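Heads up, coords.pdb below (PDB, C-alpha atoms, pLDDT in the B column):
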ATOM      1  CA  MET B 716      12.999 -37.026  72.487  1.00 50.00           C
ATOM      2  CA  ARG B 717      11.627 -33.873  70.904  1.00 57.00           C
ATOM      3  CA  LYS B 718       8.572 -32.207  72.355  1.00 51.00           C
ATOM      4  CA  ASN B 719       6.513 -32.650  69.147  1.00 54.00           C
ATOM      5  CA  ALA B 720       7.311 -36.366  69.073  1.00 49.00           C
ATOM      6  CA  VAL B 721       6.182 -36.761  72.669  1.00 47.00           C
ATOM      7  CA  ILE B 722       2.927 -34.941  71.904  1.00 47.00           C
ATOM      8  CA  SER B 723       2.341 -37.178  68.871  1.00 49.00           C
ATOM      9  CA  ILE B 724       2.878 -40.333  70.925  1.00 46.00           C
ATOM     10  CA  LEU B 725       0.551 -39.130  73.666  1.00 48.00           C
ATOM     11  CA  PHE B 726      -2.099 -38.183  71.101  1.00 47.00           C
ATOM     12  CA  LEU B 727      -1.790 -41.591  69.414  1.00 49.00           C
ATOM     13  CA  PHE B 728      -2.245 -43.304  72.776  1.00 49.00           C
ATOM     14  CA  ALA B 729      -5.287 -41.119  73.518  1.00 51.00           C
ATOM     15  CA  ILE B 730      -6.781 -41.892  70.102  1.00 51.00           C
ATOM     16  CA  CYS B 731      -6.347 -45.658  70.572  1.00 48.00           C
ATOM     17  CA  THR B 732      -7.981 -45.487  74.011  1.00 50.00           C
ATOM     18  CA  LEU B 733     -10.783 -43.295  72.731  1.00 52.00           C
ATOM     19  CA  SER B 734     -11.370 -45.475  69.671  1.00 53.00           C
ATOM     20  CA  ALA B 735     -12.151 -48.435  71.890  1.00 54.00           C
ATOM     21  CA  GLN B 736     -14.946 -46.418  73.500  1.00 82.00           C
ATOM     22  CA  VAL B 737     -16.413 -44.333  70.653  1.00 89.00           C
ATOM     23  CA  PHE B 738     -15.858 -46.632  67.670  1.00 90.00           C
ATOM     24  CA  ASN B 739     -16.777 -50.259  67.160  1.00 91.00           C
ATOM     25  CA  ASN B 740     -14.938 -52.948  65.202  1.00 90.00           C
ATOM     26  CA  LYS B 741     -16.194 -51.557  61.882  1.00 93.00           C
ATOM     27  CA  LEU B 742     -13.321 -49.051  62.064  1.00 91.00           C
ATOM     28  CA  THR B 743     -10.081 -50.807  61.135  1.00 89.00           C
ATOM     29  CA  GLY B 744      -6.753 -50.492  62.908  1.00 86.00           C
ATOM     30  CA  GLU B 745      -5.321 -48.714  59.855  1.00 91.00           C
ATOM     31  CA  GLU B 746      -8.159 -46.191  59.907  1.00 92.00           C
ATOM     32  CA  GLN B 747      -7.541 -45.556  63.609  1.00 87.00           C
ATOM     33  CA  LYS B 748      -3.868 -44.850  62.858  1.00 87.00           C
ATOM     34  CA  ARG B 749      -4.853 -42.422  60.130  1.00 92.00           C
ATOM     35  CA  LEU B 750      -7.151 -40.634  62.560  1.00 90.00           C
ATOM     36  CA  ALA B 751      -4.255 -40.379  65.016  1.00 84.00           C
ATOM     37  CA  ASN B 752      -2.224 -38.693  62.261  1.00 86.00           C
ATOM     38  CA  GLY B 753      -4.952 -36.070  61.863  1.00 87.00           C
ATOM     39  CA  GLU B 754      -6.184 -37.451  58.545  1.00 92.00           C
ATOM     40  CA  LEU B 755      -9.751 -37.205  57.304  1.00 93.00           C
ATOM     41  CA  ILE B 756     -11.366 -40.655  57.004  1.00 94.00           C
ATOM     42  CA  ILE B 757     -14.086 -41.151  54.382  1.00 93.00           C
ATOM     43  CA  ARG B 758     -15.978 -44.459  54.304  1.00 94.00           C
ATOM     44  CA  ASN B 759     -18.696 -45.737  51.967  1.00 92.00           C
ATOM     45  CA  ILE B 760     -20.689 -47.995  54.277  1.00 94.00           C
ATOM     46  CA  GLY B 761     -23.897 -48.687  52.363  1.00 90.00           C
ATOM     47  CA  LYS B 762     -26.232 -49.545  55.249  1.00 92.00           C
ATOM     48  CA  ALA B 763     -26.927 -48.313  58.778  1.00 94.00           C
ATOM     49  CA  LYS B 764     -25.727 -51.629  60.215  1.00 95.00           C
ATOM     50  CA  ASN B 765     -22.197 -50.663  59.136  1.00 96.00           C
ATOM     51  CA  ILE B 766     -21.999 -47.442  61.185  1.00 96.00           C
ATOM     52  CA  SER B 767     -18.652 -47.334  63.001  1.00 95.00           C
ATOM     53  CA  ILE B 768     -19.678 -45.359  66.116  1.00 93.00           C
ATOM     54  CA  ASN B 769     -21.165 -46.378  69.442  1.00 93.00           C
ATOM     55  CA  GLY B 770     -23.926 -44.439  71.172  1.00 92.00           C
ATOM     56  CA  VAL B 771     -21.706 -43.097  73.943  1.00 90.00           C
ATOM     57  CA  ASN B 772     -23.603 -39.796  74.327  1.00 92.00           C
ATOM     58  CA  SER B 773     -26.978 -38.265  73.526  1.00 91.00           C
ATOM     59  CA  ALA B 774     -25.764 -36.638  70.285  1.00 93.00           C
ATOM     60  CA  LEU B 775     -24.460 -39.945  68.910  1.00 95.00           C
ATOM     61  CA  ASN B 776     -27.610 -41.765  70.001  1.00 95.00           C
ATOM     62  CA  LYS B 777     -29.635 -39.157  68.116  1.00 95.00           C
ATOM     63  CA  THR B 778     -27.372 -39.573  65.090  1.00 96.00           C
ATOM     64  CA  ILE B 779     -27.762 -43.348  65.012  1.00 96.00           C
ATOM     65  CA  ASP B 780     -31.537 -43.181  65.581  1.00 96.00           C
ATOM     66  CA  SER B 781     -31.992 -40.630  62.791  1.00 97.00           C
ATOM     67  CA  ILE B 782     -30.006 -42.682  60.262  1.00 97.00           C
ATOM     68  CA  GLU B 783     -31.720 -45.931  61.231  1.00 96.00           C
ATOM     69  CA  GLU B 784     -35.111 -44.241  60.820  1.00 97.00           C
ATOM     70  CA  LEU B 785     -34.082 -42.996  57.365  1.00 96.00           C
ATOM     71  CA  ASN B 786     -32.959 -46.540  56.421  1.00 95.00           C
ATOM     72  CA  PRO B 787     -30.841 -45.342  53.485  1.00 93.00           C
ATOM     73  CA  ASN B 788     -29.483 -47.528  50.726  1.00 89.00           C
ATOM     74  CA  TYR B 789     -26.561 -45.137  50.141  1.00 89.00           C
ATOM     75  CA  LEU B 790     -24.562 -44.103  53.201  1.00 93.00           C
ATOM     76  CA  ALA B 791     -21.145 -42.578  53.926  1.00 93.00           C
ATOM     77  CA  GLU B 792     -19.163 -41.559  57.006  1.00 95.00           C
ATOM     78  CA  VAL B 793     -16.596 -38.756  57.336  1.00 95.00           C
ATOM     79  CA  ILE B 794     -14.455 -38.748  60.501  1.00 96.00           C
ATOM     80  CA  ARG B 795     -11.692 -36.585  61.886  1.00 95.00           C
ATOM     81  CA  MET B 796     -10.121 -36.247  65.337  1.00 93.00           C
ATOM     82  CA  VAL B 797      -8.082 -33.316  66.666  1.00 93.00           C
ATOM     83  CA  PRO B 798      -6.454 -32.620  70.032  1.00 93.00           C
ATOM     84  CA  TYR B 799      -8.487 -30.547  72.470  1.00 94.00           C
ATOM     85  CA  ALA B 800      -5.377 -28.609  73.547  1.00 94.00           C
ATOM     86  CA  GLY B 801      -4.953 -25.677  71.200  1.00 94.00           C
ATOM     87  CA  ASN B 802      -8.462 -26.159  69.790  1.00 95.00           C
ATOM     88  CA  GLU B 803     -10.518 -25.191  72.831  1.00 95.00           C
ATOM     89  CA  GLU B 804     -12.677 -22.840  70.736  1.00 95.00           C
ATOM     90  CA  LEU B 805     -13.420 -25.405  68.023  1.00 96.00           C
ATOM     91  CA  LEU B 806     -17.208 -25.393  68.499  1.00 96.00           C
ATOM     92  CA  GLU B 807     -17.325 -21.595  68.448  1.00 95.00           C
ATOM     93  CA  LYS B 808     -15.363 -21.684  65.183  1.00 95.00           C
ATOM     94  CA  LEU B 809     -17.441 -24.402  63.525  1.00 95.00           C
ATOM     95  CA  ARG B 810     -20.867 -22.984  64.387  1.00 96.00           C
ATOM     96  CA  PRO B 811     -20.718 -19.914  62.083  1.00 95.00           C
ATOM     97  CA  ILE B 812     -19.151 -21.994  59.303  1.00 95.00           C
ATOM     98  CA  ILE B 813     -22.212 -24.246  59.359  1.00 95.00           C
ATOM     99  CA  LEU B 814     -24.789 -21.463  59.681  1.00 96.00           C
ATOM    100  CA  ASN B 815     -23.327 -19.191  57.010  1.00 96.00           C
ATOM    101  CA  VAL B 816     -25.029 -21.195  54.257  1.00 96.00           C
ATOM    102  CA  GLU B 817     -24.499 -18.489  51.658  1.00 96.00           C
ATOM    103  CA  ASP B 818     -20.803 -19.427  51.755  1.00 95.00           C
ATOM    104  CA  TYR B 819     -21.746 -22.910  50.553  1.00 95.00           C
ATOM    105  CA  VAL B 820     -22.013 -21.411  47.067  1.00 95.00           C
ATOM    106  CA  GLY B 821     -18.835 -22.178  45.176  1.00 91.00           C
ATOM    107  CA  ILE B 822     -17.674 -25.157  47.248  1.00 93.00           C
ATOM    108  CA  PRO B 823     -15.786 -27.211  44.633  1.00 91.00           C
ATOM    109  CA  TYR B 824     -17.343 -30.574  43.840  1.00 87.00           C
ATOM    110  CA  TYR B 825     -15.552 -33.092  41.618  1.00 84.00           C
ATOM    111  CA  SER B 826     -17.764 -34.886  39.099  1.00 81.00           C
ATOM    112  CA  GLU B 827     -16.339 -38.337  38.381  1.00 78.00           C
ATOM    113  CA  ARG B 828     -18.617 -38.703  35.384  1.00 75.00           C
ATOM    114  CA  HIS B 829     -17.435 -35.488  33.710  1.00 75.00           C
ATOM    115  CA  GLU B 830     -13.938 -35.509  35.266  1.00 81.00           C
ATOM    116  CA  THR B 831     -14.092 -31.845  36.173  1.00 86.00           C
ATOM    117  CA  TYR B 832     -15.038 -29.568  39.066  1.00 88.00           C
ATOM    118  CA  TYR B 833     -18.402 -27.859  39.511  1.00 86.00           C
ATOM    119  CA  ASP B 834     -19.952 -25.777  42.269  1.00 91.00           C
ATOM    120  CA  LEU B 835     -21.617 -27.995  44.865  1.00 91.00           C
ATOM    121  CA  TYR B 836     -24.305 -25.311  45.186  1.00 94.00           C
ATOM    122  CA  SER B 837     -24.746 -22.593  42.577  1.00 94.00           C
ATOM    123  CA  SER B 838     -27.073 -20.420  44.684  1.00 96.00           C
ATOM    124  CA  VAL B 839     -28.661 -20.259  48.137  1.00 97.00           C
ATOM    125  CA  GLU B 840     -31.841 -18.394  49.063  1.00 97.00           C
ATOM    126  CA  ILE B 841     -32.577 -18.200  52.794  1.00 98.00           C
ATOM    127  CA  LYS B 842     -36.310 -18.424  53.493  1.00 98.00           C
ATOM    128  CA  ASN B 843     -36.272 -18.447  57.297  1.00 98.00           C
ATOM    129  CA  PHE B 844     -33.610 -18.222  60.000  1.00 98.00           C
ATOM    130  CA  GLU B 845     -33.964 -18.399  63.793  1.00 97.00           C
ATOM    131  CA  ASP B 846     -31.067 -18.461  66.256  1.00 96.00           C
ATOM    132  CA  ASN B 847     -31.247 -18.181  70.030  1.00 94.00           C
ATOM    133  CA  GLY B 848     -27.563 -18.866  70.638  1.00 89.00           C
ATOM    134  CA  SER B 849     -27.743 -22.564  71.467  1.00 93.00           C
ATOM    135  CA  THR B 850     -30.345 -23.723  68.938  1.00 97.00           C
ATOM    136  CA  ALA B 851     -30.652 -22.541  65.348  1.00 98.00           C
ATOM    137  CA  LYS B 852     -33.168 -23.443  62.653  1.00 98.00           C
ATOM    138  CA  LEU B 853     -32.804 -22.506  59.026  1.00 98.00           C
ATOM    139  CA  ASN B 854     -34.784 -23.111  55.850  1.00 98.00           C
ATOM    140  CA  ALA B 855     -33.247 -22.376  52.460  1.00 98.00           C
ATOM    141  CA  ILE B 856     -33.562 -23.186  48.770  1.00 98.00           C
ATOM    142  CA  MET B 857     -30.187 -24.513  47.675  1.00 96.00           C
ATOM    143  CA  GLU B 858     -29.609 -24.935  43.949  1.00 95.00           C
ATOM    144  CA  MET B 859     -27.717 -28.124  43.102  1.00 90.00           C
ATOM    145  CA  SER B 860     -27.261 -29.207  39.495  1.00 85.00           C
ATOM    146  CA  PRO B 861     -28.709 -31.401  38.018  1.00 83.00           C
ATOM    147  CA  PHE B 862     -31.397 -31.713  40.722  1.00 87.00           C
ATOM    148  CA  GLY B 863     -32.564 -28.101  40.819  1.00 90.00           C
ATOM    149  CA  GLY B 864     -33.597 -26.255  43.956  1.00 94.00           C
ATOM    150  CA  ILE B 865     -33.434 -28.324  47.143  1.00 95.00           C
ATOM    151  CA  ASP B 866     -35.802 -27.118  49.853  1.00 98.00           C
ATOM    152  CA  THR B 867     -33.472 -27.641  52.794  1.00 97.00           C
ATOM    153  CA  ASP B 868     -34.218 -27.803  56.505  1.00 98.00           C
ATOM    154  CA  ILE B 869     -31.210 -27.262  58.785  1.00 98.00           C
ATOM    155  CA  SER B 870     -31.118 -27.537  62.565  1.00 98.00           C
ATOM    156  CA  LEU B 871     -28.135 -26.919  64.834  1.00 98.00           C
ATOM    157  CA  VAL B 872     -27.863 -27.511  68.580  1.00 97.00           C
ATOM    158  CA  THR B 873     -24.744 -26.652  70.593  1.00 95.00           C
ATOM    159  CA  ASP B 874     -23.671 -26.686  74.207  1.00 91.00           C
ATOM    160  CA  ALA B 875     -20.332 -26.340  75.992  1.00 86.00           C
ATOM    161  CA  GLU B 876     -18.902 -29.629  74.739  1.00 87.00           C
ATOM    162  CA  SER B 877     -20.940 -30.805  71.759  1.00 94.00           C
ATOM    163  CA  LEU B 878     -22.563 -29.805  68.475  1.00 97.00           C
ATOM    164  CA  TYR B 879     -25.323 -31.530  66.511  1.00 97.00           C
ATOM    165  CA  TYR B 880     -26.191 -30.494  62.935  1.00 97.00           C
ATOM    166  CA  GLU B 881     -28.862 -32.065  60.738  1.00 97.00           C
ATOM    167  CA  ASN B 882     -29.729 -31.244  57.125  1.00 96.00           C
ATOM    168  CA  THR B 883     -32.832 -32.726  55.447  1.00 97.00           C
ATOM    169  CA  ASN B 884     -34.463 -32.229  52.040  1.00 97.00           C
ATOM    170  CA  LEU B 885     -38.138 -31.200  52.104  1.00 98.00           C
ATOM    171  CA  ASN B 886     -38.956 -31.701  48.414  1.00 97.00           C
ATOM    172  CA  ASN B 887     -38.641 -34.415  45.775  1.00 95.00           C
ATOM    173  CA  LEU B 888     -35.418 -34.335  43.768  1.00 91.00           C
ATOM    174  CA  LYS B 889     -35.614 -35.057  40.057  1.00 86.00           C
ATOM    175  CA  TYR B 890     -32.969 -35.940  37.521  1.00 77.00           C
ATOM    176  CA  HIS B 891     -32.543 -34.266  34.118  1.00 70.00           C
ATOM    177  CA  ASP B 892     -35.318 -36.282  32.484  1.00 70.00           C
ATOM    178  CA  GLY B 893     -37.831 -35.634  35.269  1.00 78.00           C
ATOM    179  CA  ILE B 894     -37.413 -38.959  37.063  1.00 82.00           C
ATOM    180  CA  THR B 895     -37.789 -38.611  40.828  1.00 87.00           C
ATOM    181  CA  VAL B 896     -34.598 -40.037  42.332  1.00 84.00           C
ATOM    182  CA  VAL B 897     -35.088 -38.914  45.958  1.00 90.00           C
ATOM    183  CA  LYS B 898     -38.392 -38.214  47.702  1.00 94.00           C
ATOM    184  CA  ASP B 899     -38.899 -35.553  50.342  1.00 96.00           C
ATOM    185  CA  LYS B 900     -37.150 -36.181  53.690  1.00 97.00           C
ATOM    186  CA  CYS B 901     -35.149 -39.055  52.180  1.00 95.00           C
ATOM    187  CA  MET B 902     -31.740 -37.334  52.031  1.00 94.00           C
ATOM    188  CA  LYS B 903     -30.041 -36.454  55.289  1.00 95.00           C
ATOM    189  CA  SER B 904     -26.631 -35.234  56.442  1.00 95.00           C
ATOM    190  CA  ILE B 905     -25.608 -35.134  60.100  1.00 96.00           C
ATOM    191  CA  VAL B 906     -22.521 -33.696  61.780  1.00 97.00           C
ATOM    192  CA  THR B 907     -21.817 -34.499  65.418  1.00 97.00           C
ATOM    193  CA  VAL B 908     -18.855 -32.952  67.226  1.00 97.00           C
ATOM    194  CA  PHE B 909     -18.063 -33.650  70.847  1.00 95.00           C
ATOM    195  CA  ARG B 910     -15.228 -33.664  73.320  1.00 92.00           C
ATOM    196  CA  SER B 911     -14.001 -36.974  74.644  1.00 88.00           C
ATOM    197  CA  GLY B 912     -11.007 -36.845  76.959  1.00 87.00           C
ATOM    198  CA  ASP B 913      -8.132 -34.957  75.342  1.00 90.00           C
ATOM    199  CA  SER B 914      -9.671 -34.983  71.854  1.00 92.00           C
ATOM    200  CA  TRP B 915     -12.450 -33.573  69.748  1.00 95.00           C
ATOM    201  CA  VAL B 916     -14.325 -36.171  67.701  1.00 95.00           C
ATOM    202  CA  LEU B 917     -15.737 -34.825  64.422  1.00 96.00           C
ATOM    203  CA  TYR B 918     -18.198 -37.294  62.928  1.00 97.00           C
ATOM    204  CA  GLY B 919     -20.232 -36.753  59.789  1.00 96.00           C
ATOM    205  CA  ILE B 920     -22.667 -39.142  58.173  1.00 96.00           C
ATOM    206  CA  GLY B 921     -24.925 -38.730  55.182  1.00 93.00           C
ATOM    207  CA  GLY B 922     -27.459 -41.009  53.602  1.00 92.00           C
ATOM    208  CA  VAL B 923     -29.956 -41.199  50.787  1.00 91.00           C
ATOM    209  CA  LYS B 924     -32.978 -43.445  50.532  1.00 91.00           C
ATOM    210  CA  ALA B 925     -33.554 -43.676  46.804  1.00 80.00           C
ATOM    211  CA  PRO B 926     -35.374 -46.071  44.482  1.00 71.00           C
ATOM    212  CA  SER B 927     -33.090 -48.563  42.795  1.00 66.00           C
ATOM    213  CA  ILE B 928     -33.466 -47.623  39.131  1.00 60.00           C
ATOM    214  CA  PHE B 929     -31.112 -50.019  37.366  1.00 54.00           C
ATOM    215  CA  PHE B 930     -29.924 -47.613  34.653  1.00 51.00           C
ATOM    216  CA  LEU B 931     -29.391 -44.773  37.175  1.00 56.00           C
ATOM    217  CA  ARG B 932     -28.220 -46.635  40.281  1.00 62.00           C
ATOM    218  CA  ASP B 933     -24.457 -46.190  39.879  1.00 67.00           C
ATOM    219  CA  ARG B 934     -24.851 -42.602  38.730  1.00 68.00           C
ATOM    220  CA  VAL B 935     -27.146 -41.678  41.633  1.00 66.00           C
ATOM    221  CA  GLU B 936     -24.925 -43.391  44.215  1.00 66.00           C
ATOM    222  CA  THR B 937     -21.753 -41.691  42.974  1.00 74.00           C
ATOM    223  CA  SER B 938     -23.451 -38.311  42.652  1.00 76.00           C
ATOM    224  CA  PHE B 939     -25.082 -38.163  46.077  1.00 78.00           C
ATOM    225  CA  MET B 940     -22.322 -39.872  48.020  1.00 79.00           C
ATOM    226  CA  ASN B 941     -19.656 -37.574  46.604  1.00 85.00           C
ATOM    227  CA  ARG B 942     -21.788 -34.541  47.426  1.00 87.00           C
ATOM    228  CA  ILE B 943     -22.311 -35.681  51.021  1.00 86.00           C
ATOM    229  CA  LYS B 944     -18.593 -36.343  51.428  1.00 88.00           C
ATOM    230  CA  THR B 945     -17.783 -32.941  49.939  1.00 92.00           C
ATOM    231  CA  MET B 946     -20.094 -31.149  52.371  1.00 91.00           C
ATOM    232  CA  CYS B 947     -18.779 -32.870  55.503  1.00 90.00           C
ATOM    233  CA  SER B 948     -15.192 -32.479  54.339  1.00 89.00           C
ATOM    234  CA  TYR B 949     -15.807 -28.756  53.796  1.00 92.00           C
ATOM    235  CA  PHE B 950     -16.769 -28.358  57.455  1.00 93.00           C
ATOM    236  CA  PHE B 951     -13.935 -30.443  58.891  1.00 91.00           C
ATOM    237  CA  GLU B 952     -11.083 -29.222  56.725  1.00 87.00           C
ATOM    238  CA  GLN B 953     -11.551 -25.618  57.866  1.00 85.00           C
ATOM    239  CA  LEU B 954     -10.715 -26.491  61.469  1.00 82.00           C
TER     240      LEU B 954
END

Translate this file's structure into structure tokens.
Amino acid sequence: MRKNAVISILFLFAICTLSAQVFNNKLTGEEQKRLANGELIIRNIGKAKNISINGVNSALNKTIDSIEELNPNYLAEVIRMVPYAGNEELLEKLRPIILNVEDYVGIPYYSERHETYYDLYSSVEIKNFEDNGSTAKLNAIMEMSPFGGIDTDISLVTDAESLYYENTNLNNLKYHDGITVVKDKCMKSIVTVFRSGDSWVLYGIGGVKAPSIFFLRDRVETSFMNRIKTMCSYFFEQL
């Protein structure tokens, strides 16, 4: 048996064992297999009760608590798993990707409504940035069409084996016609990365608590959910 095949089998076994600990029965067997193949899993889950992770560490407990407190009516998960071997420096690689928010400008975002690509953010203006090496806090105005400038609060905490990132809006977001579709502190994205056994678990979740305006509901859901998925995918696909 070839060496690569042996490694794949061992990784699949590790993923199945790990899945039983980290993930609950919301994650299907097919999705677990896709994770074992290194694929990125994206799930529209709607409500906090459908979260697929268990609170097996402090970062995941914080993630679950934060999403439950938000109580969003639009919610999505993005998950990827990679072997620890060969990726020992993963956290050191991911940290600057997250903090270099000016590179967010130009991330391609696909608009289903217009069937074309746009920039996820067209501009970023950093207002405040503090970093002591393990904890970073950042405030920036991030321009996102058609919602205008989003006053964004970002926090990042890292240690030897885990990373916790949280992104929250601090202002009301309005649609083209001036209708407020998201109030301040009602849109949140979280990325939690941690080592478990022989694997890194990369878990992203983003939610929006928005009023259910019947003639905008589908448009708002598609718009925000696709943007959250795009942002988390941007982080994970660079690793």

Task: Sphere at (-18.7, -33.4, 68.0), radius 12 Å, counting all atoms listed in the file: residues as a ChimeraX atom specification - done: /B:737,771-775,778,794-797,799,805-807,809-810,871-880,905-911,914-919,950-951

What residues come out when you apply the PyMOL selection byres ((chain B and resi 754) around 12) to this file, written as a JSON list (two decimals) with C-alpha atoms, in the frame of the given file?
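Just written: selection_21.json:
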[["chain", "number", "residue", "atom", "x", "y", "z"],
["B", 745, "GLU", "CA", -5.32, -48.71, 59.86],
["B", 746, "GLU", "CA", -8.16, -46.19, 59.91],
["B", 747, "GLN", "CA", -7.54, -45.56, 63.61],
["B", 748, "LYS", "CA", -3.87, -44.85, 62.86],
["B", 749, "ARG", "CA", -4.85, -42.42, 60.13],
["B", 750, "LEU", "CA", -7.15, -40.63, 62.56],
["B", 751, "ALA", "CA", -4.26, -40.38, 65.02],
["B", 752, "ASN", "CA", -2.22, -38.69, 62.26],
["B", 753, "GLY", "CA", -4.95, -36.07, 61.86],
["B", 755, "LEU", "CA", -9.75, -37.20, 57.30],
["B", 756, "ILE", "CA", -11.37, -40.66, 57.00],
["B", 757, "ILE", "CA", -14.09, -41.15, 54.38],
["B", 793, "VAL", "CA", -16.60, -38.76, 57.34],
["B", 794, "ILE", "CA", -14.46, -38.75, 60.50],
["B", 795, "ARG", "CA", -11.69, -36.58, 61.89],
["B", 796, "MET", "CA", -10.12, -36.25, 65.34],
["B", 797, "VAL", "CA", -8.08, -33.32, 66.67],
["B", 917, "LEU", "CA", -15.74, -34.83, 64.42],
["B", 948, "SER", "CA", -15.19, -32.48, 54.34],
["B", 951, "PHE", "CA", -13.94, -30.44, 58.89],
["B", 952, "GLU", "CA", -11.08, -29.22, 56.72]]

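Using only C-alpha atoms, the shortest contact distance between B:Cys901 and any of B:Thr883, B:Ser838, B:Ser781, B:Asn854 is found at B:Thr883.
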
Open item on the list: Taking 5 positions as the minimum chain separation for residues in the same chain, which residues sit within 10 Å of B:Met857 when counting only C-alpha atoms? Answer as a PyMOL selection string.
Closed with: chain B and resi 816-817+819-820+835-841+863-867+884

Just the selected residues (C-alpha atoms), exported as a PDB file, in the coordinates of the input, please.
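Output below, filename out29.pdb:
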ATOM      1  CA  VAL B 816     -25.029 -21.195  54.257  1.00 96.00           C
ATOM      2  CA  GLU B 817     -24.499 -18.489  51.658  1.00 96.00           C
ATOM      3  CA  TYR B 819     -21.746 -22.910  50.553  1.00 95.00           C
ATOM      4  CA  VAL B 820     -22.013 -21.411  47.067  1.00 95.00           C
ATOM      5  CA  LEU B 835     -21.617 -27.995  44.865  1.00 91.00           C
ATOM      6  CA  TYR B 836     -24.305 -25.311  45.186  1.00 94.00           C
ATOM      7  CA  SER B 837     -24.746 -22.593  42.577  1.00 94.00           C
ATOM      8  CA  SER B 838     -27.073 -20.420  44.684  1.00 96.00           C
ATOM      9  CA  VAL B 839     -28.661 -20.259  48.137  1.00 97.00           C
ATOM     10  CA  GLU B 840     -31.841 -18.394  49.063  1.00 97.00           C
ATOM     11  CA  ILE B 841     -32.577 -18.200  52.794  1.00 98.00           C
ATOM     12  CA  GLY B 863     -32.564 -28.101  40.819  1.00 90.00           C
ATOM     13  CA  GLY B 864     -33.597 -26.255  43.956  1.00 94.00           C
ATOM     14  CA  ILE B 865     -33.434 -28.324  47.143  1.00 95.00           C
ATOM     15  CA  ASP B 866     -35.802 -27.118  49.853  1.00 98.00           C
ATOM     16  CA  THR B 867     -33.472 -27.641  52.794  1.00 97.00           C
ATOM     17  CA  ASN B 884     -34.463 -32.229  52.040  1.00 97.00           C
TER      18      ASN B 884
END

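Shortest atom-to-atom contact with B:Leu888 among B:Lys924, B:Ser870, B:Lys764, B:Leu853: B:Lys924, counting all atoms listed in the file.
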
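In this structure, atom CA of B:Asn786 sits 6.7 Å away from atom CA of B:Ala763.
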
Open item on the list: I'd like to know which of B:Ser860, B:Phe939, B:Glu845, B:Ala851 is closest to B:Tyr833, using only C-alpha atoms.
Closed with: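 The answer is B:Ser860, which sits nearest to B:Tyr833.
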
Need the shell around B:Ser938: protein/DNA/RNA residues with any atom at most 12 Å away, counting all atoms listed in the file. Skip same-chain ones fewer than 4 positions apart. Format as an mmCIF file with C-alpha atoms, keeping the file's coordinate frame?
data_model
loop_
_atom_site.group_PDB
_atom_site.id
_atom_site.type_symbol
_atom_site.label_atom_id
_atom_site.label_comp_id
_atom_site.auth_asym_id
_atom_site.auth_seq_id
_atom_site.Cartn_x
_atom_site.Cartn_y
_atom_site.Cartn_z
ATOM 1 C CA TYR B 789 -26.561 -45.137 50.141
ATOM 2 C CA TYR B 824 -17.343 -30.574 43.840
ATOM 3 C CA TYR B 825 -15.552 -33.092 41.618
ATOM 4 C CA SER B 826 -17.764 -34.886 39.099
ATOM 5 C CA GLU B 827 -16.339 -38.337 38.381
ATOM 6 C CA ARG B 828 -18.617 -38.703 35.384
ATOM 7 C CA HIS B 829 -17.435 -35.488 33.710
ATOM 8 C CA LEU B 835 -21.617 -27.995 44.865
ATOM 9 C CA MET B 859 -27.717 -28.124 43.102
ATOM 10 C CA SER B 860 -27.261 -29.207 39.495
ATOM 11 C CA PRO B 861 -28.709 -31.401 38.018
ATOM 12 C CA PHE B 862 -31.397 -31.713 40.722
ATOM 13 C CA TYR B 890 -32.969 -35.940 37.521
ATOM 14 C CA VAL B 896 -34.598 -40.037 42.332
ATOM 15 C CA GLY B 922 -27.459 -41.009 53.602
ATOM 16 C CA VAL B 923 -29.956 -41.199 50.787
ATOM 17 C CA LEU B 931 -29.391 -44.773 37.175
ATOM 18 C CA ARG B 932 -28.220 -46.635 40.281
ATOM 19 C CA ASP B 933 -24.457 -46.190 39.879
ATOM 20 C CA ARG B 934 -24.851 -42.602 38.730
ATOM 21 C CA ARG B 942 -21.788 -34.541 47.426
ATOM 22 C CA ILE B 943 -22.311 -35.681 51.021
ATOM 23 C CA LYS B 944 -18.593 -36.343 51.428
ATOM 24 C CA THR B 945 -17.783 -32.941 49.939
#

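Here atom CA of B:Asn815 stands at a distance of 21.4 Å from atom CA of B:Asn941.
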